[in-house]
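Everything below belongs to model.txt, which stores compact mmCIF, C-alpha atoms.
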```
# COMPACT_ATOMS: atom_id res chain seq x y z
CA MET A 1 86.35 42.30 98.89
CA ARG A 2 89.31 44.62 98.49
CA ARG A 3 90.89 43.01 101.57
CA ALA A 4 90.29 39.60 100.04
CA ILE A 5 92.03 40.66 96.82
CA ASP A 6 94.98 41.96 98.85
CA LEU A 7 95.25 38.58 100.60
CA ILE A 8 95.10 36.68 97.32
CA ASP A 9 97.58 38.97 95.61
CA GLY A 10 100.08 38.79 98.46
CA ALA A 11 99.96 35.02 98.92
CA ASP A 12 102.85 32.84 97.75
CA ALA A 13 100.43 30.04 96.83
CA PRO A 14 96.68 29.77 96.13
CA LEU A 15 94.53 30.12 99.26
CA SER A 16 91.71 27.69 99.99
CA LEU A 17 88.14 28.90 100.34
CA ASP A 18 88.18 28.02 104.05
CA ASP A 19 91.40 29.96 104.60
CA LEU A 20 90.15 33.05 102.77
CA ALA A 21 86.78 33.00 104.50
CA GLY A 22 88.43 32.57 107.91
CA ARG A 23 90.70 35.56 107.36
CA MET A 24 87.67 37.63 106.37
CA ASP A 25 85.71 36.46 109.46
CA MET A 26 83.01 34.89 107.31
CA SER A 27 81.66 31.43 106.73
CA PRO A 28 82.94 29.81 103.51
CA ALA A 29 79.45 29.81 101.96
CA HIS A 30 78.80 33.46 102.77
CA PHE A 31 82.22 34.57 101.52
CA GLN A 32 81.79 32.60 98.30
CA ARG A 33 78.41 34.23 97.65
CA LEU A 34 79.67 37.76 98.30
CA PHE A 35 82.84 37.31 96.27
CA SER A 36 81.03 35.73 93.33
CA ALA A 37 78.36 38.43 93.37
CA TRP A 38 80.99 41.15 93.08
CA VAL A 39 83.40 39.49 90.65
CA GLY A 40 81.03 37.16 88.81
CA ILE A 41 83.30 34.17 89.36
CA SER A 42 84.49 32.01 92.28
CA PRO A 43 87.51 32.91 94.46
CA LYS A 44 89.34 29.86 93.10
CA ARG A 45 88.91 30.94 89.50
CA TYR A 46 89.77 34.52 90.38
CA GLN A 47 93.11 33.42 91.81
CA GLN A 48 93.85 31.81 88.47
CA TYR A 49 93.24 35.16 86.75
CA LEU A 50 95.61 36.93 89.13
CA GLN A 51 98.51 34.67 88.20
CA LEU A 52 101.18 36.51 86.25
CA GLY A 53 100.80 34.15 83.31
CA GLN A 54 97.28 35.43 82.76
CA ALA A 55 98.61 38.65 81.25
CA LYS A 56 100.54 36.66 78.65
CA ARG A 57 97.47 34.58 77.84
CA MET A 58 95.44 37.75 77.38
CA LEU A 59 98.11 39.15 75.11
CA ALA A 60 98.00 36.01 72.98
CA GLU A 61 94.22 35.55 72.93
CA ARG A 62 92.80 39.05 73.31
CA MET A 63 95.28 41.28 71.57
CA THR A 64 93.80 44.53 70.29
CA THR A 65 95.64 46.08 67.35
CA LEU A 66 93.72 49.39 67.63
CA ALA A 67 93.47 49.51 63.84
CA VAL A 68 89.71 49.06 64.17
CA ALA A 69 89.63 52.43 65.88
CA ASP A 70 89.48 53.98 62.42
CA GLY A 71 86.05 52.43 62.03
CA VAL A 72 84.61 54.15 65.07
CA GLY A 73 86.60 57.38 64.94
CA LEU A 74 89.18 58.16 67.55
CA SER A 75 87.90 61.70 68.01
CA GLY A 76 84.40 60.51 68.78
CA SER A 77 83.12 58.50 71.71
CA SER A 78 83.85 55.01 73.01
CA ARG A 79 81.82 52.48 74.97
CA LEU A 80 83.57 51.31 78.12
CA HIS A 81 81.96 48.62 80.29
CA ASP A 82 78.28 49.52 79.80
CA LEU A 83 78.91 53.25 80.02
CA PHE A 84 78.92 55.83 77.29
CA VAL A 85 82.07 57.89 77.74
CA ARG A 86 82.26 61.37 76.26
CA TRP A 87 85.34 63.51 76.54
CA GLU A 88 86.81 66.81 75.60
CA ALA A 89 90.29 68.16 76.02
CA MET A 90 91.39 71.52 77.37
CA SER A 91 92.90 73.88 74.87
CA PRO A 92 96.70 74.13 74.77
CA GLY A 93 96.37 77.59 76.29
CA ASP A 94 94.31 76.33 79.21
CA PHE A 95 96.82 73.56 79.79
CA ALA A 96 99.74 75.98 79.72
CA ARG A 97 98.07 78.17 82.35
CA GLY A 98 98.13 75.26 84.82
CA GLY A 99 94.40 75.34 85.56
CA GLU A 100 94.30 79.04 86.47
CA GLY A 101 90.68 80.06 87.03
CA LEU A 102 89.54 76.43 87.12
CA VAL A 103 87.55 75.09 90.08
CA ILE A 104 88.19 71.38 90.68
CA GLU A 105 85.87 69.57 93.11
CA TRP A 106 87.03 66.34 94.72
CA ASP A 107 86.36 63.66 97.32
CA TRP A 108 87.26 60.09 98.34
CA PHE A 109 85.09 57.02 97.72
CA ASP A 110 85.35 53.28 98.29
CA SER A 111 85.92 51.30 95.09
CA PRO A 112 86.58 47.65 94.16
CA PHE A 113 90.28 48.58 93.88
CA GLY A 114 90.67 50.45 97.15
CA PRO A 115 90.17 54.13 98.08
CA ALA A 116 89.42 56.16 94.96
CA LEU A 117 90.04 59.88 94.58
CA VAL A 118 87.66 61.54 92.13
CA MET A 119 88.24 65.06 90.82
CA GLY A 120 85.90 66.88 88.48
CA THR A 121 85.11 70.18 86.79
CA ASP A 122 81.79 71.41 85.47
CA ARG A 123 82.62 69.48 82.29
CA GLY A 124 83.22 66.05 83.89
CA ILE A 125 85.86 63.91 85.59
CA CYS A 126 89.36 65.31 85.28
CA GLY A 127 91.10 62.98 87.74
CA LEU A 128 90.67 59.44 89.09
CA ALA A 129 93.34 57.88 91.30
CA PHE A 130 93.65 54.80 93.53
CA ALA A 131 95.45 55.05 96.87
CA SER A 132 95.69 51.51 98.23
CA GLU A 133 99.41 51.30 97.41
CA MET A 134 100.74 54.85 97.78
CA GLY A 135 98.38 56.34 100.36
CA ARG A 136 95.81 59.12 100.17
CA ASP A 137 98.12 62.08 100.67
CA VAL A 138 100.51 61.03 97.92
CA ALA A 139 97.67 60.23 95.51
CA PHE A 140 96.01 63.60 96.13
CA ASP A 141 99.26 65.52 95.68
CA ASP A 142 99.96 63.57 92.49
CA LEU A 143 96.73 64.72 90.86
CA ALA A 144 96.63 68.21 92.34
CA ARG A 145 100.11 69.23 91.22
CA ARG A 146 99.09 68.71 87.61
CA TRP A 147 97.00 71.89 87.93
CA PRO A 148 99.04 74.06 90.30
CA ARG A 149 96.92 77.18 89.82
CA ALA A 150 93.48 75.60 90.12
CA GLU A 151 91.21 75.97 93.13
CA PHE A 152 90.43 72.65 94.84
CA VAL A 153 87.19 72.28 96.79
CA GLN A 154 86.15 69.11 98.65
CA GLN A 155 82.59 68.56 97.50
CA GLY A 156 81.40 64.96 97.75
CA GLU A 157 77.81 65.70 96.84
CA ARG A 158 78.86 67.18 93.51
CA VAL A 159 81.42 64.58 92.49
CA GLY A 160 79.47 61.63 93.94
CA PRO A 161 77.34 61.22 90.78
CA LEU A 162 80.51 61.31 88.67
CA PHE A 163 81.94 58.49 90.78
CA ALA A 164 78.70 56.47 90.51
CA ALA A 165 78.75 56.74 86.72
CA ALA A 166 82.43 55.87 86.49
CA ILE A 167 82.76 52.98 88.95
CA VAL A 168 79.30 51.77 89.88
CA GLY A 169 78.05 51.98 86.31
CA ARG A 170 75.08 54.32 86.56
CA GLY A 171 74.61 57.04 83.98
CA GLU A 172 76.88 58.66 81.45
CA THR A 173 80.51 59.46 82.17
CA GLN A 174 81.96 62.70 80.88
CA LEU A 175 85.70 63.31 80.96
CA HIS A 176 87.54 66.62 80.96
CA LEU A 177 91.07 65.69 79.91
CA ILE A 178 93.97 67.93 80.78
CA GLY A 179 97.23 67.07 79.05
CA ALA A 180 99.73 67.86 76.34
CA PRO A 181 98.70 67.07 72.74
CA PHE A 182 100.77 63.87 72.49
CA GLN A 183 99.40 62.63 75.82
CA ILE A 184 95.84 63.29 74.62
CA LYS A 185 96.48 61.16 71.51
CA VAL A 186 97.73 58.26 73.62
CA TRP A 187 94.81 58.48 76.06
CA GLU A 188 92.45 58.64 73.10
CA ALA A 189 93.91 55.37 71.77
CA LEU A 190 93.54 53.71 75.18
CA LEU A 191 89.80 54.46 75.13
CA ASN A 192 89.45 52.10 72.17
CA ILE A 193 90.73 49.00 73.97
CA PRO A 194 87.68 46.91 74.94
CA GLU A 195 87.20 45.49 78.41
CA GLY A 196 88.95 42.13 78.80
CA HIS A 197 91.43 42.91 76.03
CA VAL A 198 94.98 44.23 76.09
CA THR A 199 97.47 45.86 73.76
CA THR A 200 101.16 46.77 73.87
CA TYR A 201 102.97 50.06 74.19
CA SER A 202 104.43 49.57 70.72
CA GLN A 203 100.98 49.04 69.21
CA ILE A 204 99.82 52.27 70.77
CA ALA A 205 102.89 54.07 69.42
CA THR A 206 102.08 52.83 65.93
CA ARG A 207 98.45 53.85 66.30
CA VAL A 208 99.28 57.43 67.25
CA GLY A 209 101.66 57.75 64.30
CA SER A 210 104.95 57.54 66.22
CA PRO A 211 106.06 53.88 65.98
CA LYS A 212 109.50 54.59 67.45
CA ALA A 213 108.19 56.57 70.40
CA VAL A 214 107.49 53.55 72.62
CA ARG A 215 109.17 55.09 75.65
CA ALA A 216 107.27 58.36 75.20
CA VAL A 217 104.04 56.37 74.94
CA GLY A 218 104.88 54.60 78.19
CA THR A 219 105.41 57.96 79.87
CA ALA A 220 102.09 59.28 78.53
CA VAL A 221 100.29 56.13 79.70
CA GLY A 222 101.76 56.65 83.16
CA ARG A 223 100.55 60.25 83.19
CA ASN A 224 96.95 59.30 82.51
CA PRO A 225 94.92 61.42 84.97
CA VAL A 226 91.72 59.36 84.75
CA SER A 227 92.73 55.81 85.63
CA TYR A 228 90.45 52.87 84.89
CA LEU A 229 88.07 54.87 82.68
CA ILE A 230 90.98 55.60 80.37
CA PRO A 231 92.24 52.01 80.67
CA CYS A 232 96.00 52.40 80.92
CA HIS A 233 96.02 49.11 82.86
CA ARG A 234 95.34 47.33 79.55
CA ALA A 235 98.74 48.30 78.12
CA LEU A 236 101.41 45.59 78.46
CA ARG A 237 104.93 44.97 77.28
CA LYS A 238 105.51 42.97 74.10
CA ASN A 239 106.53 39.87 76.07
CA GLY A 240 103.32 39.91 78.09
CA GLU A 241 104.84 41.36 81.26
CA LEU A 242 102.67 43.86 83.06
CA GLY A 243 105.13 46.73 82.81
CA GLY A 244 104.54 49.56 85.25
CA TYR A 245 101.39 51.07 86.69
CA HIS A 246 101.23 54.50 88.24
CA TRP A 247 98.97 53.45 91.13
CA GLY A 248 100.75 50.16 91.87
CA LEU A 249 101.08 46.80 90.12
CA PRO A 250 98.72 45.01 92.58
CA VAL A 251 95.97 47.43 91.46
CA LYS A 252 96.76 46.75 87.79
CA ARG A 253 96.65 42.98 88.32
CA ALA A 254 93.35 43.25 90.18
CA MET A 255 91.81 45.35 87.38
CA LEU A 256 92.92 42.94 84.64
CA ALA A 257 91.72 39.94 86.62
CA TYR A 258 88.40 41.60 87.38
CA GLU A 259 87.76 42.47 83.74
CA SER A 260 88.90 39.09 82.42
CA ALA A 261 86.62 37.32 84.88
CA ARG A 262 83.67 39.54 83.90
CA VAL A 263 84.18 38.85 80.20
CA ASP A 264 84.55 35.09 80.66
CA ALA A 265 81.51 34.97 82.97
CA ASN A 266 79.41 36.72 80.33
CA LEU A 267 80.60 34.28 77.66
CA ALA A 268 79.86 31.21 79.79
```
Mind turning this structure into structure tokens?
Amino acid sequence: MRRAIDLIDGADAPLSLDDLAGRMDMSPAHFQRLFSAWVGISPKRYQQYLQLGQAKRMLAERMTTLAVADGVGLSGSSRLHDLFVRWEAMSPGDFARGGEGLVIEWDWFDSPFGPALVMGTDRGICGLAFASEMGRDVAFDDLARRWPRAEFVQQGERVGPLFAAAIVGRGETQLHLIGAPFQIKVWEALLNIPEGHVTTYSQIATRVGSPKAVRAVGTAVGRNPVSYLIPCHRALRKNGELGGYHWGLPVKRAMLAYESARVDANLA
């Protein structure tokens, strides 16, 4: 299905069901069933969600002001998809030491948005990256250099359950966030944007108490180490444009389309 999304995203015009199925070496009926089972909506409808105008419609119809975060408590927990996400941040001292004495386990997994790199400590996921646009080596180096003094150990059996909870949706997801205090505040705000909704960088800046720090918020969003679970893909520009995305705009579009389709399918 990731290959199908790549085909749809790279096409200059909508692709017919027969064309898509043929390129995937499947019959139209079989492809339609598989695609709909994964996304919850037909390939035709999904292509509509991938159109650039969809982001602007989401901004108009599903804008999240983040003010309601006061009601649930930003320092508490947030429900994301059907997972209960708990998180804790490293102390400023731990952050300053660059992960010295920290063992980070990691491995690669297949995800709906391409190859996913999962990194974790004994406290939970500390890194989640997607490599379909930049490649595995670059994605790994991007996460690893955030903790230059940590020890990295490839251990799929240990991080596999973390991946299952985060992407597949089984169990509880715990996050171990490593970042500067301002970054932590921004990531905390992102956790309060519901699936299928979006907000703007300026709204996030207001929410974290720095309404003029829109550019700094954008930088903090881009430095989010746990993509998707901390939904930085739900932050847009004021005019509805997608803005940037650290792991590639095609990945961001696919995530927004996937979530919008899921929400609309559940409302139907």
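Checking A:Glu151, A:Glu157, A:Glu133, A:Asp25 one by one against Phe109 of chain A, counting all atoms listed in the file, you find the shortest gap at A:Glu157.
If you look at atom CA of Pro112 of chain A and atom CA of Ala144 of chain A, they are 23.0 Å away from each other.
Atom pair atom CA of Asp110 of chain A / atom CA of Thr219 of chain A: separated by 27.6 Å.
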Original post:
How many Å lie between atom CA of Pro231 of chain A and atom CA of Met24 of chain A, rounded to one decimal?
Top reply: 29.8 Å
Selection near Ala116 of chain A, 7 Å with only C-alpha atoms, sequence-local residues under 5 positions removed, as an mmCIF file with C-alpha atoms, in the coordinates of the input:
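Written file, part_31.cif:
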```cif
data_model
loop_
_atom_site.group_PDB
_atom_site.id
_atom_site.type_symbol
_atom_site.label_atom_id
_atom_site.label_comp_id
_atom_site.auth_asym_id
_atom_site.auth_seq_id
_atom_site.Cartn_x
_atom_site.Cartn_y
_atom_site.Cartn_z
ATOM 1 C CA TRP A 108 87.260 60.090 98.340
ATOM 2 C CA PHE A 109 85.090 57.020 97.720
ATOM 3 C CA ASP A 110 85.350 53.280 98.290
ATOM 4 C CA SER A 111 85.920 51.300 95.090
ATOM 5 C CA LEU A 128 90.670 59.440 89.090
ATOM 6 C CA ALA A 129 93.340 57.880 91.300
ATOM 7 C CA PHE A 130 93.650 54.800 93.530
ATOM 8 C CA ALA A 131 95.450 55.050 96.870
#
```
Original post:
What lies within 6 Å of Asp107 of chain A using all atoms listed in the file, ignoring chain neighbours under 6 positions off, as a list in words?
Top reply: Leu117, Val118, Gln154 and Gly156 of chain A
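Residues in contact with Met134 of chain A at 12 Å, where all atoms listed in the file are counted and same-chain residues fewer than 5 positions away are skipped, are listed as Gly114, Pro115, Ala116, Ala129, Ala139, Phe140, Asp141, Asp142, Tyr245, His246, Trp247, Gly248, Leu249, Pro250 and Val251 of chain A.
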Subject >> Distance query Ser42 of chain A at most 10 Å, all atoms listed in the file, self and fewer than 3 positions along chain excluded, as a list in words >> reply: Leu17, Phe31, Gln32, Arg33, Leu34, Phe35, Ser36, Ala37, Trp38, Val39, Arg45, Tyr46, Gln47 and Ala261 of chain A
**OP:** Identify, on the basis of all atoms listed in the file, every residue whose closest approach to Thr121 of chain A does not exceed 6 Å; exclude the query and any residue fewer than 2 positions from it along the same chain; express the result as a PyMOL selection string.
**Re:** chain A and resi 104+123-124
Original post:
Of the residues A:Glu105, A:Gly209, A:Thr199, A:Leu191, which is the one nearest to Arg237 of chain A, using all atoms listed in the file?
Top reply: A:Thr199
Original post:
A:Phe113, A:Leu7, A:Gln183, A:Leu175: which is nearest Ala254 of chain A, counting only C-alpha atoms?
Top reply: A:Phe113
**OP:** Give as an NGL selection string each residue that has an atom at most 12 Å from (104.0, 47.6, 84.0) in the file, counting only C-alpha atoms.
**Re:** :A and (52 or 55 or 200-201 or 218-219 or 221-222 or 232-253)
Starting from the incomplete input, reconstruct all heavy atoms of segment 105-116 of chain A and report them as a short mmCIF file (atom, residue, chain, number, x, y, z; two decimals), keeping the file's coordinate frame.
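Printed below is selection19.cif as written:
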```cif
data_model
loop_
_atom_site.label_atom_id
_atom_site.label_comp_id
_atom_site.auth_asym_id
_atom_site.auth_seq_id
_atom_site.Cartn_x
_atom_site.Cartn_y
_atom_site.Cartn_z
N GLU A 105 86.51 70.15 91.92
CA GLU A 105 85.87 69.57 93.11
C GLU A 105 86.34 68.13 93.26
O GLU A 105 86.59 67.44 92.25
CB GLU A 105 84.36 69.65 92.98
CG GLU A 105 83.88 71.10 92.92
CD GLU A 105 82.42 71.23 92.56
OE1 GLU A 105 81.93 70.41 91.75
OE2 GLU A 105 81.76 72.15 93.08
N TRP A 106 86.44 67.65 94.50
CA TRP A 106 87.03 66.34 94.72
C TRP A 106 86.46 65.71 95.98
O TRP A 106 85.90 66.36 96.84
CB TRP A 106 88.54 66.44 94.87
CG TRP A 106 88.97 67.25 96.07
CD1 TRP A 106 89.15 68.60 96.13
CD2 TRP A 106 89.25 66.75 97.39
NE1 TRP A 106 89.52 68.98 97.39
CE2 TRP A 106 89.59 67.87 98.19
CE3 TRP A 106 89.25 65.48 97.96
CZ2 TRP A 106 89.93 67.76 99.54
CZ3 TRP A 106 89.59 65.34 99.31
CH2 TRP A 106 89.92 66.48 100.07
N ASP A 107 86.63 64.38 96.08
CA ASP A 107 86.36 63.66 97.32
C ASP A 107 86.83 62.22 97.16
O ASP A 107 87.20 61.78 96.06
CB ASP A 107 84.87 63.67 97.67
CG ASP A 107 84.65 63.69 99.19
OD1 ASP A 107 85.57 63.28 99.93
OD2 ASP A 107 83.57 64.12 99.64
N TRP A 108 86.84 61.49 98.29
CA TRP A 108 87.26 60.09 98.34
C TRP A 108 86.04 59.18 98.39
O TRP A 108 85.03 59.51 99.01
CB TRP A 108 88.12 59.83 99.57
CG TRP A 108 89.47 60.44 99.49
CD1 TRP A 108 89.88 61.63 100.02
CD2 TRP A 108 90.61 59.89 98.82
NE1 TRP A 108 91.19 61.85 99.72
CE2 TRP A 108 91.68 60.81 99.00
CE3 TRP A 108 90.83 58.72 98.10
CZ2 TRP A 108 92.94 60.58 98.47
CZ3 TRP A 108 92.09 58.50 97.58
CH2 TRP A 108 93.13 59.41 97.77
N PHE A 109 86.16 58.02 97.74
CA PHE A 109 85.09 57.02 97.72
C PHE A 109 85.70 55.63 97.80
O PHE A 109 86.85 55.42 97.40
CB PHE A 109 84.26 57.14 96.43
CG PHE A 109 83.62 58.49 96.24
CD1 PHE A 109 84.30 59.49 95.57
CD2 PHE A 109 82.36 58.75 96.75
CE1 PHE A 109 83.72 60.75 95.39
CE2 PHE A 109 81.77 59.99 96.58
CZ PHE A 109 82.45 60.99 95.90
N ASP A 110 84.94 54.68 98.30
CA ASP A 110 85.35 53.28 98.29
C ASP A 110 85.10 52.70 96.91
O ASP A 110 84.05 52.93 96.30
CB ASP A 110 84.59 52.47 99.33
CG ASP A 110 84.97 52.87 100.75
OD1 ASP A 110 86.13 53.26 100.96
OD2 ASP A 110 84.10 52.79 101.64
N SER A 111 86.06 51.92 96.40
CA SER A 111 85.92 51.30 95.09
C SER A 111 86.37 49.85 95.18
O SER A 111 86.99 49.45 96.16
CB SER A 111 86.76 52.05 94.05
OG SER A 111 88.12 51.61 94.10
N PRO A 112 86.10 49.04 94.16
CA PRO A 112 86.58 47.65 94.16
C PRO A 112 88.10 47.54 94.21
O PRO A 112 88.62 46.47 94.52
CB PRO A 112 86.04 47.10 92.83
CG PRO A 112 84.88 47.96 92.49
CD PRO A 112 85.25 49.32 92.99
N PHE A 113 88.81 48.63 93.93
CA PHE A 113 90.28 48.58 93.88
C PHE A 113 90.90 49.46 94.97
O PHE A 113 92.03 49.89 94.84
CB PHE A 113 90.76 49.02 92.49
CG PHE A 113 90.02 48.33 91.38
CD1 PHE A 113 89.12 49.03 90.59
CD2 PHE A 113 90.17 46.97 91.17
CE1 PHE A 113 88.41 48.38 89.59
CE2 PHE A 113 89.47 46.32 90.17
CZ PHE A 113 88.58 47.03 89.38
N GLY A 114 90.16 49.67 96.04
CA GLY A 114 90.67 50.45 97.15
C GLY A 114 90.14 51.87 97.12
O GLY A 114 89.29 52.23 96.30
N PRO A 115 90.64 52.73 98.03
CA PRO A 115 90.17 54.13 98.08
C PRO A 115 90.39 54.83 96.75
O PRO A 115 91.50 54.79 96.18
CB PRO A 115 91.04 54.75 99.19
CG PRO A 115 91.51 53.60 100.01
CD PRO A 115 91.66 52.45 99.07
N ALA A 116 89.34 55.48 96.24
CA ALA A 116 89.42 56.16 94.96
C ALA A 116 89.23 57.66 95.15
O ALA A 116 88.29 58.10 95.81
CB ALA A 116 88.36 55.63 93.99
#
```
